[in-house]
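J.: I am sharing upload-v7.cif, which consists of mmCIF, C-alpha atoms:
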```
data_data
loop_
_atom_site.label_atom_id
_atom_site.label_comp_id
_atom_site.auth_asym_id
_atom_site.auth_seq_id
_atom_site.Cartn_x
_atom_site.Cartn_y
_atom_site.Cartn_z
CA MET R 8 6.37 -35.82 21.92
CA LYS R 9 8.16 -34.78 18.76
CA THR R 10 11.18 -32.54 18.47
CA VAL R 11 11.55 -29.72 16.00
CA LYS R 12 14.55 -27.78 14.80
CA LEU R 13 14.30 -24.07 15.51
CA ARG R 14 16.56 -21.90 13.35
CA VAL R 15 16.79 -18.48 14.94
CA PHE R 16 18.23 -15.41 13.27
CA ARG R 17 20.92 -13.82 15.43
CA GLN R 18 22.45 -10.41 14.99
CA ILE R 19 23.29 -7.33 17.04
CA PRO R 20 23.65 -4.59 14.40
CA SER R 21 24.90 -2.01 16.93
CA ARG R 22 27.92 -4.25 17.53
CA ASP R 23 28.49 -4.69 13.81
CA ASP R 24 27.71 -8.36 14.18
CA SER R 25 27.30 -10.40 11.05
CA ALA R 26 24.00 -12.23 10.79
CA ARG R 27 23.90 -15.95 11.58
CA TYR R 28 21.35 -18.63 12.37
CA ASP R 29 21.50 -20.66 15.58
CA THR R 30 19.73 -23.98 15.64
CA PHE R 31 17.92 -25.33 18.70
CA GLU R 32 16.19 -28.66 19.21
CA VAL R 33 12.96 -28.06 21.08
CA PRO R 34 10.16 -30.41 22.14
CA ALA R 35 6.79 -29.72 20.57
CA GLU R 36 3.31 -30.88 21.51
CA ARG R 37 0.22 -30.45 19.38
CA TRP R 38 -0.52 -27.15 21.10
CA THR R 39 3.01 -25.74 21.19
CA THR R 40 3.29 -22.37 19.50
CA VAL R 41 6.41 -20.92 17.92
CA LEU R 42 6.60 -18.49 20.84
CA ASP R 43 6.52 -21.40 23.30
CA ALA R 44 9.36 -23.03 21.37
CA LEU R 45 11.40 -19.84 21.33
CA LEU R 46 10.85 -19.31 25.05
CA TYR R 47 11.90 -22.92 25.68
CA ALA R 48 15.11 -22.34 23.73
CA LYS R 49 15.68 -19.08 25.61
CA ALA R 50 15.04 -20.68 29.02
CA TYR R 51 17.04 -23.88 28.61
CA GLN R 52 19.53 -23.41 25.78
CA ASP R 53 20.49 -19.79 25.15
CA HIS R 54 19.39 -16.96 27.42
CA SER R 55 20.67 -14.33 25.01
CA ILE R 56 17.98 -14.77 22.34
CA ALA R 57 16.29 -11.38 22.00
CA ILE R 58 12.56 -11.61 21.45
CA ARG R 59 9.69 -9.24 22.17
CA TYR R 60 6.47 -10.72 23.53
CA SER R 61 3.81 -10.03 26.11
CA CYS R 62 0.25 -11.34 26.09
CA ARG R 63 0.73 -14.76 24.37
CA MET R 64 -2.79 -14.54 22.95
CA ALA R 65 -2.60 -12.36 19.82
CA SER R 66 -3.81 -9.27 21.59
CA CYS R 67 -0.72 -7.17 22.13
CA GLY R 68 0.94 -7.61 18.73
CA SER R 69 4.46 -7.80 20.19
CA CYS R 70 5.73 -11.11 18.88
CA GLY R 71 5.54 -10.48 15.12
CA MET R 72 8.32 -12.16 13.16
CA MET R 73 9.01 -13.97 9.92
CA ILE R 74 8.17 -17.60 10.47
CA ASN R 75 9.36 -19.72 7.57
CA GLY R 76 9.47 -16.55 5.47
CA ILE R 77 5.97 -15.28 6.25
CA PRO R 78 5.15 -12.50 8.75
CA LYS R 79 3.20 -14.09 11.61
CA LEU R 80 2.59 -13.69 15.32
CA ALA R 81 4.71 -16.30 17.10
CA CYS R 82 2.08 -16.75 19.82
CA TYR R 83 -0.63 -17.38 17.26
CA THR R 84 1.28 -19.87 15.11
CA LYS R 85 1.18 -23.48 16.18
CA ILE R 86 4.16 -25.58 15.23
CA ASP R 87 1.83 -28.39 14.21
CA ASP R 88 0.15 -26.17 11.64
CA LEU R 89 3.44 -25.42 9.90
CA ASN R 90 3.79 -29.06 8.76
CA THR R 91 7.57 -29.02 8.93
CA ASP R 92 10.26 -30.12 11.33
CA THR R 93 12.44 -27.07 10.74
CA ILE R 94 11.15 -23.66 11.70
CA THR R 95 13.05 -20.57 10.72
CA CYS R 96 12.44 -17.45 12.81
CA GLU R 97 13.67 -14.15 11.47
CA PRO R 98 12.98 -10.51 12.37
CA MET R 99 10.20 -8.84 10.42
CA SER R 100 11.31 -7.41 7.12
CA ASN R 101 10.89 -3.66 6.47
CA PHE R 102 11.84 -2.95 10.11
CA PRO R 103 15.34 -2.08 11.34
CA ILE R 104 16.74 -4.83 13.58
CA ILE R 105 17.53 -3.97 17.18
CA ARG R 106 18.74 -7.41 18.13
CA ASP R 107 17.92 -10.92 16.90
CA LEU R 108 14.12 -11.03 16.53
CA ALA R 109 13.40 -7.65 18.11
CA THR R 110 12.79 -4.88 15.60
CA ASP R 111 12.53 -1.12 15.84
CA PHE R 112 8.96 0.20 15.48
CA THR R 113 9.82 3.93 15.57
CA GLN R 114 9.12 4.60 11.89
CA PHE R 115 6.01 2.43 11.92
CA PHE R 116 4.50 4.24 14.90
CA GLN R 117 5.45 7.60 13.42
CA HIS R 118 3.44 6.81 10.30
CA HIS R 119 0.57 5.79 12.56
CA LYS R 120 0.78 9.04 14.55
CA ASP R 121 0.93 11.10 11.35
CA MET R 122 -2.59 9.91 10.50
CA LYS R 123 -4.05 11.52 13.65
CA PRO R 124 -5.39 8.22 14.98
CA TYR R 125 -7.96 9.75 17.27
CA ILE R 126 -11.37 11.33 16.93
CA VAL R 127 -11.28 15.04 16.26
CA ASN R 128 -14.56 16.61 17.26
CA ASP R 129 -14.18 20.19 18.41
CA VAL R 130 -17.73 21.32 17.95
CA ASP R 131 -20.72 19.92 19.77
CA ARG R 132 -22.34 17.76 17.13
CA GLY R 133 -25.21 16.24 18.93
CA ILE R 134 -23.40 14.99 22.00
CA ASP R 135 -25.87 14.79 24.82
CA ALA R 136 -24.79 17.22 27.51
CA GLU R 137 -26.01 15.01 30.31
CA THR R 138 -24.81 11.60 29.24
CA ARG R 139 -21.89 12.65 27.00
CA GLU R 140 -23.05 9.97 24.62
CA PHE R 141 -22.79 10.19 20.87
CA LEU R 142 -25.01 7.52 19.48
CA GLN R 143 -24.05 5.58 16.38
CA ASN R 144 -26.36 3.27 14.54
CA PRO R 145 -25.12 -0.21 13.49
CA LYS R 146 -24.58 0.91 9.88
CA GLN R 147 -22.30 3.72 10.99
CA LEU R 148 -20.41 1.33 13.25
CA ASP R 149 -19.98 -1.22 10.45
CA GLU R 150 -18.24 1.41 8.32
CA PHE R 151 -15.11 1.24 10.46
CA MET R 152 -15.57 -1.64 12.92
CA GLN R 153 -13.22 -4.17 11.31
CA PHE R 154 -10.42 -1.59 11.02
CA SER R 155 -10.58 -0.89 14.74
CA TYR R 156 -9.45 -4.48 15.45
CA CYS R 157 -5.89 -3.53 14.44
CA ILE R 158 -3.35 -4.37 17.18
CA LYS R 159 -0.42 -2.59 15.48
CA CYS R 160 1.66 -5.74 15.28
CA GLY R 161 3.35 -4.55 12.08
CA LEU R 162 2.82 -7.77 10.10
CA CYS R 163 1.08 -5.91 7.26
CA TYR R 164 3.87 -3.33 7.18
CA SER R 165 6.39 -6.15 6.99
CA ALA R 166 4.52 -7.86 4.14
CA CYS R 167 4.02 -4.70 2.09
CA PRO R 168 6.15 -4.66 -1.10
CA THR R 169 5.84 -0.87 -1.40
CA VAL R 170 7.22 -0.27 2.10
CA ALA R 171 10.18 -2.47 1.11
CA THR R 172 11.31 0.14 -1.41
CA ASP R 173 9.67 3.34 -0.21
CA LYS R 174 10.22 4.10 3.47
CA LYS R 175 8.15 7.30 3.21
CA PHE R 176 5.07 5.27 2.28
CA PRO R 177 2.84 5.20 5.40
CA GLY R 178 2.10 1.51 4.93
CA PRO R 179 -1.14 -0.46 5.13
CA GLN R 180 -1.61 -0.13 8.89
CA ALA R 181 -1.48 3.67 8.95
CA LEU R 182 -3.63 4.04 5.85
CA ALA R 183 -6.26 1.61 7.13
CA GLN R 184 -6.34 3.49 10.45
CA MET R 185 -6.73 6.72 8.56
CA TYR R 186 -9.75 5.23 6.83
CA ARG R 187 -11.05 3.97 10.17
CA TYR R 188 -11.11 7.49 11.65
CA MET R 189 -12.24 9.15 8.46
CA THR R 190 -15.34 7.00 8.21
CA ASP R 191 -16.24 7.46 11.85
CA ASN R 192 -19.19 9.82 11.86
CA ARG R 193 -18.01 11.39 15.13
CA ASP R 194 -14.82 12.60 13.47
CA GLN R 195 -14.39 15.94 11.72
CA ALA R 196 -10.79 15.83 10.52
CA ALA R 197 -11.29 13.96 7.25
CA ASP R 198 -9.97 16.82 5.12
CA GLU R 199 -6.83 17.25 7.24
CA ARG R 200 -6.06 13.54 7.00
CA LEU R 201 -6.75 13.39 3.28
CA LYS R 202 -4.16 16.13 2.73
CA ILE R 203 -1.60 14.01 4.60
CA VAL R 204 -2.10 10.92 2.45
CA ASP R 205 -2.58 12.76 -0.84
CA ASP R 206 1.16 12.97 -1.21
CA ARG R 207 3.85 11.74 -3.58
CA HIS R 208 4.54 8.90 -1.14
CA GLY R 209 0.98 8.59 0.10
CA ILE R 210 -1.96 6.37 -0.63
CA TRP R 211 -1.44 6.29 -4.40
CA ARG R 212 1.73 4.25 -4.02
CA CYS R 213 -0.22 1.17 -2.94
CA HIS R 214 -0.04 -1.45 -5.70
CA PHE R 215 -2.83 -3.53 -4.21
CA ALA R 216 -0.65 -6.61 -3.76
CA GLY R 217 -3.02 -7.56 -0.94
CA SER R 218 -0.34 -9.22 1.18
CA CYS R 219 -1.22 -6.91 4.09
CA SER R 220 -4.71 -8.38 4.32
CA LYS R 221 -3.42 -11.90 3.91
CA VAL R 222 -1.04 -11.75 6.88
CA CYS R 223 -3.27 -9.83 9.31
CA PRO R 224 -3.84 -12.04 12.37
CA LYS R 225 -6.95 -10.10 13.42
CA GLY R 226 -8.89 -10.39 10.18
CA VAL R 227 -8.52 -6.72 9.28
CA ASP R 228 -8.47 -6.01 5.57
CA PRO R 229 -6.13 -3.00 5.19
CA ALA R 230 -6.10 -3.38 1.39
CA LEU R 231 -9.87 -2.88 1.39
CA GLY R 232 -9.54 0.24 3.54
CA ILE R 233 -6.94 1.66 1.17
CA GLN R 234 -9.08 0.98 -1.91
CA LEU R 235 -12.17 2.47 -0.26
CA LEU R 236 -10.16 5.52 0.68
CA ARG R 237 -8.91 5.85 -2.88
CA GLY R 238 -12.45 5.49 -4.17
CA TYR R 239 -13.51 8.27 -1.84
CA MET R 240 -10.66 10.49 -3.02
CA MET R 241 -11.57 9.84 -6.65
CA GLY R 242 -15.19 10.63 -6.00
CA PHE R 243 -16.57 7.08 -6.41
CA SER R 244 -17.87 6.89 -2.89
CA LYS R 245 -19.15 9.48 -0.48
CA LYS R 246 -18.57 9.66 3.21
CA GLU R 247 -21.85 9.97 5.00
CA LYS R 248 -21.67 12.51 7.76
CA ILE R 249 -24.80 11.64 9.62
CA VAL R 250 -25.37 13.45 12.84
CA PRO R 251 -27.26 11.02 15.04
CA LYS R 252 -30.37 12.04 16.84
CA ARG R 253 -29.87 13.39 20.30
CA TYR R 254 -30.11 10.83 23.05
CA LYS R 255 -33.44 10.93 24.77
CA PRO R 256 -33.45 9.08 28.09
CA ALA R 257 -36.51 6.90 28.53
CA GLY R 258 -39.21 8.42 30.66
CA MET W 20 -0.54 19.70 -8.40
CA ARG W 21 -1.85 17.24 -5.84
CA GLU W 22 -1.00 13.60 -6.28
CA SER W 23 -4.69 12.67 -6.54
CA HIS W 24 -5.07 14.95 -9.57
CA LEU W 25 -2.01 13.42 -11.17
CA MET W 26 -3.30 9.92 -10.51
CA ASN W 27 -6.73 10.77 -11.92
CA ILE W 28 -4.96 11.91 -15.08
CA HIS W 29 -2.85 8.74 -14.99
CA TYR W 30 -5.89 6.44 -14.81
CA LEU W 31 -7.86 8.41 -17.41
CA THR W 32 -4.98 8.48 -19.91
CA GLY W 33 -4.46 4.75 -19.34
CA LEU W 34 -8.10 3.97 -20.11
CA ALA W 35 -8.17 6.41 -23.03
CA ALA W 36 -5.00 4.84 -24.50
CA ILE W 37 -6.62 1.37 -24.44
CA VAL W 38 -9.71 2.66 -26.27
CA LEU W 39 -7.69 4.69 -28.78
CA VAL W 40 -5.28 1.85 -29.56
CA GLY W 41 -8.35 -0.34 -30.12
CA ILE W 42 -9.73 2.19 -32.59
CA HIS W 43 -6.30 2.43 -34.23
CA ILE W 44 -6.13 -1.37 -34.67
CA MET W 45 -9.61 -1.35 -36.20
CA PHE W 46 -8.46 1.32 -38.67
CA ARG W 47 -5.55 -0.92 -39.62
CA LEU W 48 -7.80 -3.94 -40.17
CA ILE W 49 -9.57 -2.23 -43.07
CA VAL W 50 -6.71 -3.19 -45.41
CA PRO W 51 -4.62 -6.40 -45.45
CA PHE W 52 -1.58 -6.24 -43.15
CA ALA W 53 1.15 -6.31 -45.84
CA GLN W 54 -0.67 -3.71 -47.91
CA SER W 55 -1.12 -1.45 -44.89
CA LEU W 56 2.65 -1.24 -44.49
CA GLU W 57 3.27 0.15 -47.99
CA TYR W 58 4.69 3.67 -48.02
CA GLU W 59 1.82 5.21 -49.99
CA ASN W 60 -0.76 3.68 -47.71
CA ILE W 61 0.98 4.95 -44.60
CA ILE W 62 1.17 8.49 -45.98
CA ALA W 63 -2.47 8.18 -47.05
CA ASN W 64 -3.33 7.18 -43.48
CA TYR W 65 -1.62 10.28 -42.10
CA GLN W 66 -3.58 12.41 -44.54
CA ASN W 67 -6.84 10.93 -43.32
CA LEU W 68 -7.81 13.47 -40.65
CA PRO W 69 -9.67 11.13 -38.21
CA TYR W 70 -6.74 8.68 -38.39
CA ALA W 71 -4.24 11.49 -37.71
CA ILE W 72 -6.33 12.76 -34.79
CA VAL W 73 -6.42 9.26 -33.26
CA LEU W 74 -2.64 8.97 -33.71
CA GLU W 75 -2.11 12.34 -32.02
CA LEU W 76 -4.38 11.37 -29.12
CA ILE W 77 -2.55 8.04 -28.70
CA LEU W 78 0.73 9.93 -28.64
CA VAL W 79 -0.47 12.37 -25.97
CA THR W 80 -2.19 9.79 -23.74
CA VAL W 81 0.61 7.21 -23.93
CA ALA W 82 3.32 9.85 -23.33
CA ILE W 83 1.55 11.26 -20.26
CA HIS W 84 0.65 7.83 -18.88
CA GLY W 85 4.07 6.34 -19.62
CA PHE W 86 6.18 9.14 -18.22
CA ASN W 87 4.03 9.48 -15.11
CA GLY W 88 4.40 5.72 -14.63
CA LEU W 89 8.16 6.09 -14.98
CA ARG W 90 8.13 8.95 -12.43
CA ILE W 91 6.22 6.74 -9.97
CA ILE W 92 8.64 3.84 -10.41
CA LEU W 93 11.66 6.09 -9.90
CA ILE W 94 10.37 7.85 -6.78
CA GLU W 95 9.45 4.51 -5.26
CA TRP W 96 12.86 3.15 -6.08
CA ARG W 97 14.73 5.98 -4.37
CA GLN W 98 13.73 8.85 -2.11
CA GLY W 99 15.15 12.31 -1.51
CA GLU W 100 14.02 15.85 -2.27
CA HIS W 101 16.57 16.48 -5.07
CA TRP W 102 16.01 13.10 -6.67
CA GLU W 103 12.22 13.39 -6.61
CA LYS W 104 12.20 16.93 -8.02
CA GLY W 105 14.73 15.95 -10.66
CA VAL W 106 12.74 12.88 -11.67
CA THR W 107 9.48 14.83 -11.83
CA TRP W 108 10.80 17.64 -14.00
CA THR W 109 12.81 15.31 -16.23
CA CYS W 110 9.68 13.24 -16.86
CA VAL W 111 7.60 16.35 -17.60
CA ALA W 112 10.27 17.64 -20.00
CA ALA W 113 10.65 14.24 -21.69
CA ALA W 114 6.87 13.90 -22.14
CA ILE W 115 6.66 17.38 -23.67
CA ALA W 116 9.62 16.66 -25.97
CA ILE W 117 8.15 13.34 -27.16
CA ILE W 118 4.72 14.88 -27.73
CA ALA W 119 6.24 17.83 -29.61
CA TYR W 120 8.42 15.63 -31.83
CA GLY W 121 5.63 13.12 -32.52
CA SER W 122 3.12 15.89 -33.22
CA ARG W 123 5.55 17.45 -35.67
CA THR W 124 5.76 14.14 -37.55
CA ILE W 125 1.97 13.71 -37.64
CA ILE W 126 1.30 17.32 -38.69
CA MET W 127 4.00 17.36 -41.38
CA ALA W 128 2.84 14.04 -42.86
CA ASN W 129 -0.74 15.17 -42.72
CA MET W 130 -0.14 18.53 -44.39
CA ALA W 131 2.72 17.96 -46.80
CA GLY W 132 2.60 14.25 -47.44
CA ALA W 133 6.27 13.79 -46.59
CA VAL W 134 8.25 13.49 -43.38
#
```
Would you mind writing the file's structure down as structure tokens?
T.:
Amino acid sequence: MKTVKLRVFRQIPSRDDSARYDTFEVPAERWTTVLDALLYAKAYQDHSIAIRYSCRMASCGSCGMMINGIPKLACYTKIDDLNTDTITCEPMSNFPIIRDLATDFTQFFQHHKDMKPYIVNDVDRGIDAETREFLQNPKQLDEFMQFSYCIKCGLCYSACPTVATDKKFPGPQALAQMYRYMTDNRDQAADERLKIVDDRHGIWRCHFAGSCSKVCPKGVDPALGIQLLRGYMMGFSKKEKIVPKRYKPAG
Amino acid sequence: MRESHLMNIHYLTGLAAIVLVGIHIMFRLIVPFAQSLEYENIIANYQNLPYAIVLELILVTVAIHGFNGLRIILIEWRQGEHWEKGVTWTCVAAAIAIIAYGSRTIIMANMAGAV
């Protein structure tokens, strides 16, 4: 079993602490993840390391952090894959630090909420009264499917160079979610959402660096969503509002 | 004006500027480089109406594209209602001033033959 050096960023901003790095020697197997290593250090060497985590399987999006300078999920990053004996863990950039590796998601979630991340469908548009089903064909599903895999881990927000300078910019996650709901043929609030992002600090501030798509652990391509949304706003693409046929139960 | 309208103008002026500068370079290639810089030739260029129109269009497109680009950079660099309004109106005023001064030069050279 090899041993790796874990350099962990430490700071409690509310106490006016100055930032420092603490180094821990942790054992690592082939399957050890950065989260495992951090939890080992927390359990056996320093209980005060602040870290947010939950599912340990890249589903909850809680353990996002900068690992050797790149935003990654700690539970989804194997130490072996990093090809180094020193691993530096820092809080995600573009997020205020609460303590050590735990960051404040208030602004991030506010941007997400601003996009009305839910289906708005006030009028009966072909929903079967009996089954309450609204059928979608595979083509309609494909329009937004990949964007619905977002787990709101904030890695794309952390990697975005525009967010780094413009805190009013909604960021790749919120914009991709806006596209996800806008392209959903069950939704009717496209115009409302477009007004929200057609702002001085809205969708036009994306410089298409593409780092959001590169760091996404779930294979979502927020940069694609943003460009498709821009294309729609510029009139290059049209949103198909197809009302599916009413569900007819067999027999 | 909505940001999407501004950005449409931004992209269109950017593309138009590339095409117009290309046309301008082709105009310049008609005569050898050193000869094209002689005073009489430059004045003669201004008095050639298509050449003057291309120059005027380059001035307008580059000024609009450039100052809108500057506005974008500045509002990304810093946020705040006063700052953003100030930047926007300063850029609009600067673009108008540059276009007015450049147009004056082009029109005077075209009509009178002297600046």
J.: Kindly resolve the PyMOL selection byres ((chain R and resi 231) around 12) on the present coordinates and return the residues as a VMD selection string.
T.: chain R and resid 150 to 151 153 to 154 179 to 180 182 to 184 186 to 187 213 215 to 221 226 to 230 232 to 238
J.: List the residues matched by the PyMOL selection byres ((chain W) within 6 of (chain R)) in the displayed structure as a VMD selection string, ordered by chain and then by residue number.
T.: chain W and resid 22 95 to 96
J.: At what distance in Å, to one decimal, does CA of Ala36 in chain W lie from CA of Val81 in chain W?
T.: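 Calculated distance between CA of Val81 in chain W and CA of Ala36 in chain W is 6.1 Å.
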J.: Would you translate the PyMOL selection byres ((chain R and resi 18) around 10) into the concrete set of residues it matches in this file, as a PyMOL selection string?
T.: chain R and resi 15-17+19-28+56-57+98+104-109
J.: Limited to C-alpha atoms, could you put the picked residues into a file as a PDB file, in the frame of the given file?
T.:
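out15.pdb, written as the output of this step:
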```
ATOM      1  CA  VAL R  15      16.790 -18.480  14.940  1.00  0.00           C
ATOM      2  CA  PHE R  16      18.230 -15.410  13.270  1.00  0.00           C
ATOM      3  CA  ARG R  17      20.920 -13.820  15.430  1.00  0.00           C
ATOM      4  CA  ILE R  19      23.290  -7.330  17.040  1.00  0.00           C
ATOM      5  CA  PRO R  20      23.650  -4.590  14.400  1.00  0.00           C
ATOM      6  CA  SER R  21      24.900  -2.010  16.930  1.00  0.00           C
ATOM      7  CA  ARG R  22      27.920  -4.250  17.530  1.00  0.00           C
ATOM      8  CA  ASP R  23      28.490  -4.690  13.810  1.00  0.00           C
ATOM      9  CA  ASP R  24      27.710  -8.360  14.180  1.00  0.00           C
ATOM     10  CA  SER R  25      27.300 -10.400  11.050  1.00  0.00           C
ATOM     11  CA  ALA R  26      24.000 -12.230  10.790  1.00  0.00           C
ATOM     12  CA  ARG R  27      23.900 -15.950  11.580  1.00  0.00           C
ATOM     13  CA  TYR R  28      21.350 -18.630  12.370  1.00  0.00           C
ATOM     14  CA  ILE R  56      17.980 -14.770  22.340  1.00  0.00           C
ATOM     15  CA  ALA R  57      16.290 -11.380  22.000  1.00  0.00           C
ATOM     16  CA  PRO R  98      12.980 -10.510  12.370  1.00  0.00           C
ATOM     17  CA  ILE R 104      16.740  -4.830  13.580  1.00  0.00           C
ATOM     18  CA  ILE R 105      17.530  -3.970  17.180  1.00  0.00           C
ATOM     19  CA  ARG R 106      18.740  -7.410  18.130  1.00  0.00           C
ATOM     20  CA  ASP R 107      17.920 -10.920  16.900  1.00  0.00           C
ATOM     21  CA  LEU R 108      14.120 -11.030  16.530  1.00  0.00           C
ATOM     22  CA  ALA R 109      13.400  -7.650  18.110  1.00  0.00           C
TER      23      ALA R 109
END
```
J.: Hey, can you check how far CA of Cys67 in chain R sits from CA of Asn90 in chain R?
T.: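 Computed distance, CA of Cys67 in chain R to CA of Asn90 in chain R, equals 26.0 Å.
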J.: Work out how far apart CA of Met189 in chain R and CA of Asp149 in chain R are and give it in Å to one decimal.
T.: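 For CA of Met189 in chain R relative to CA of Asp149 in chain R, the distance reads 13.1 Å.
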J.: Around the point (14.2, -22.6, 23.1) (coordinates from the file), which residues reach within 9 Å if we count only C-alpha atoms? Answer as a PDB file with C-alpha atoms, keeping the file's coordinate frame.
T.:
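Generated output (out_2.pdb):
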```pdb
ATOM      1  CA  LEU R  13      14.300 -24.070  15.510  1.00  0.00           C
ATOM      2  CA  PHE R  31      17.920 -25.330  18.700  1.00  0.00           C
ATOM      3  CA  GLU R  32      16.190 -28.660  19.210  1.00  0.00           C
ATOM      4  CA  VAL R  33      12.960 -28.060  21.080  1.00  0.00           C
ATOM      5  CA  PRO R  34      10.160 -30.410  22.140  1.00  0.00           C
ATOM      6  CA  LEU R  42       6.600 -18.490  20.840  1.00  0.00           C
ATOM      7  CA  ASP R  43       6.520 -21.400  23.300  1.00  0.00           C
ATOM      8  CA  ALA R  44       9.360 -23.030  21.370  1.00  0.00           C
ATOM      9  CA  LEU R  45      11.400 -19.840  21.330  1.00  0.00           C
ATOM     10  CA  LEU R  46      10.850 -19.310  25.050  1.00  0.00           C
ATOM     11  CA  TYR R  47      11.900 -22.920  25.680  1.00  0.00           C
ATOM     12  CA  ALA R  48      15.110 -22.340  23.730  1.00  0.00           C
ATOM     13  CA  LYS R  49      15.680 -19.080  25.610  1.00  0.00           C
ATOM     14  CA  ALA R  50      15.040 -20.680  29.020  1.00  0.00           C
ATOM     15  CA  TYR R  51      17.040 -23.880  28.610  1.00  0.00           C
ATOM     16  CA  GLN R  52      19.530 -23.410  25.780  1.00  0.00           C
ATOM     17  CA  ASP R  53      20.490 -19.790  25.150  1.00  0.00           C
ATOM     18  CA  HIS R  54      19.390 -16.960  27.420  1.00  0.00           C
ATOM     19  CA  ILE R  56      17.980 -14.770  22.340  1.00  0.00           C
TER      20      ILE R  56
END
```
J.: Given the point (11.4, -34.2, 14.5) in the coordinates of this file, which residues lie within 10 Å, counting all atoms listed in the file, and how would they look as a compact mmCIF listing (two decimals) with C-alpha atoms, keeping the file's coordinate frame?
T.:
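Output (out36.txt):
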```
# COMPACT_ATOMS: atom_id res chain seq x y z
CA MET R 8 6.37 -35.82 21.92
CA LYS R 9 8.16 -34.78 18.76
CA THR R 10 11.18 -32.54 18.47
CA VAL R 11 11.55 -29.72 16.00
CA LYS R 12 14.55 -27.78 14.80
CA GLU R 32 16.19 -28.66 19.21
CA VAL R 33 12.96 -28.06 21.08
CA PRO R 34 10.16 -30.41 22.14
CA ALA R 35 6.79 -29.72 20.57
CA THR R 91 7.57 -29.02 8.93
CA ASP R 92 10.26 -30.12 11.33
CA THR R 93 12.44 -27.07 10.74
```
J.: Select, from W:Ile83, W:His43, W:Leu89, W:Val111, the residue with the minimum atom-to-atom distance to Pro69 in chain W, counting all atoms listed in the file.
T.: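 The answer is W:His43, which sits nearest to Pro69 in chain W.
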J.: Just want the 12 Å neighbourhood of Cys62 in chain R, counted on all atoms listed in the file, with same-chain residues fewer than 4 positions away dropped. Output as a PyMOL selection string.
T.: chain R and resi 42+66-70+80-83+158
J.: Give me the residues near range 121-124 of chain W as a PyMOL selection string, where near means some atom within 10 Å (using only C-alpha atoms) and where sequence neighbours in that chain fewer than 4 positions away do not count.
T.: chain W and resi 65+71+74-76+78-79+115-117+128-129+133-134
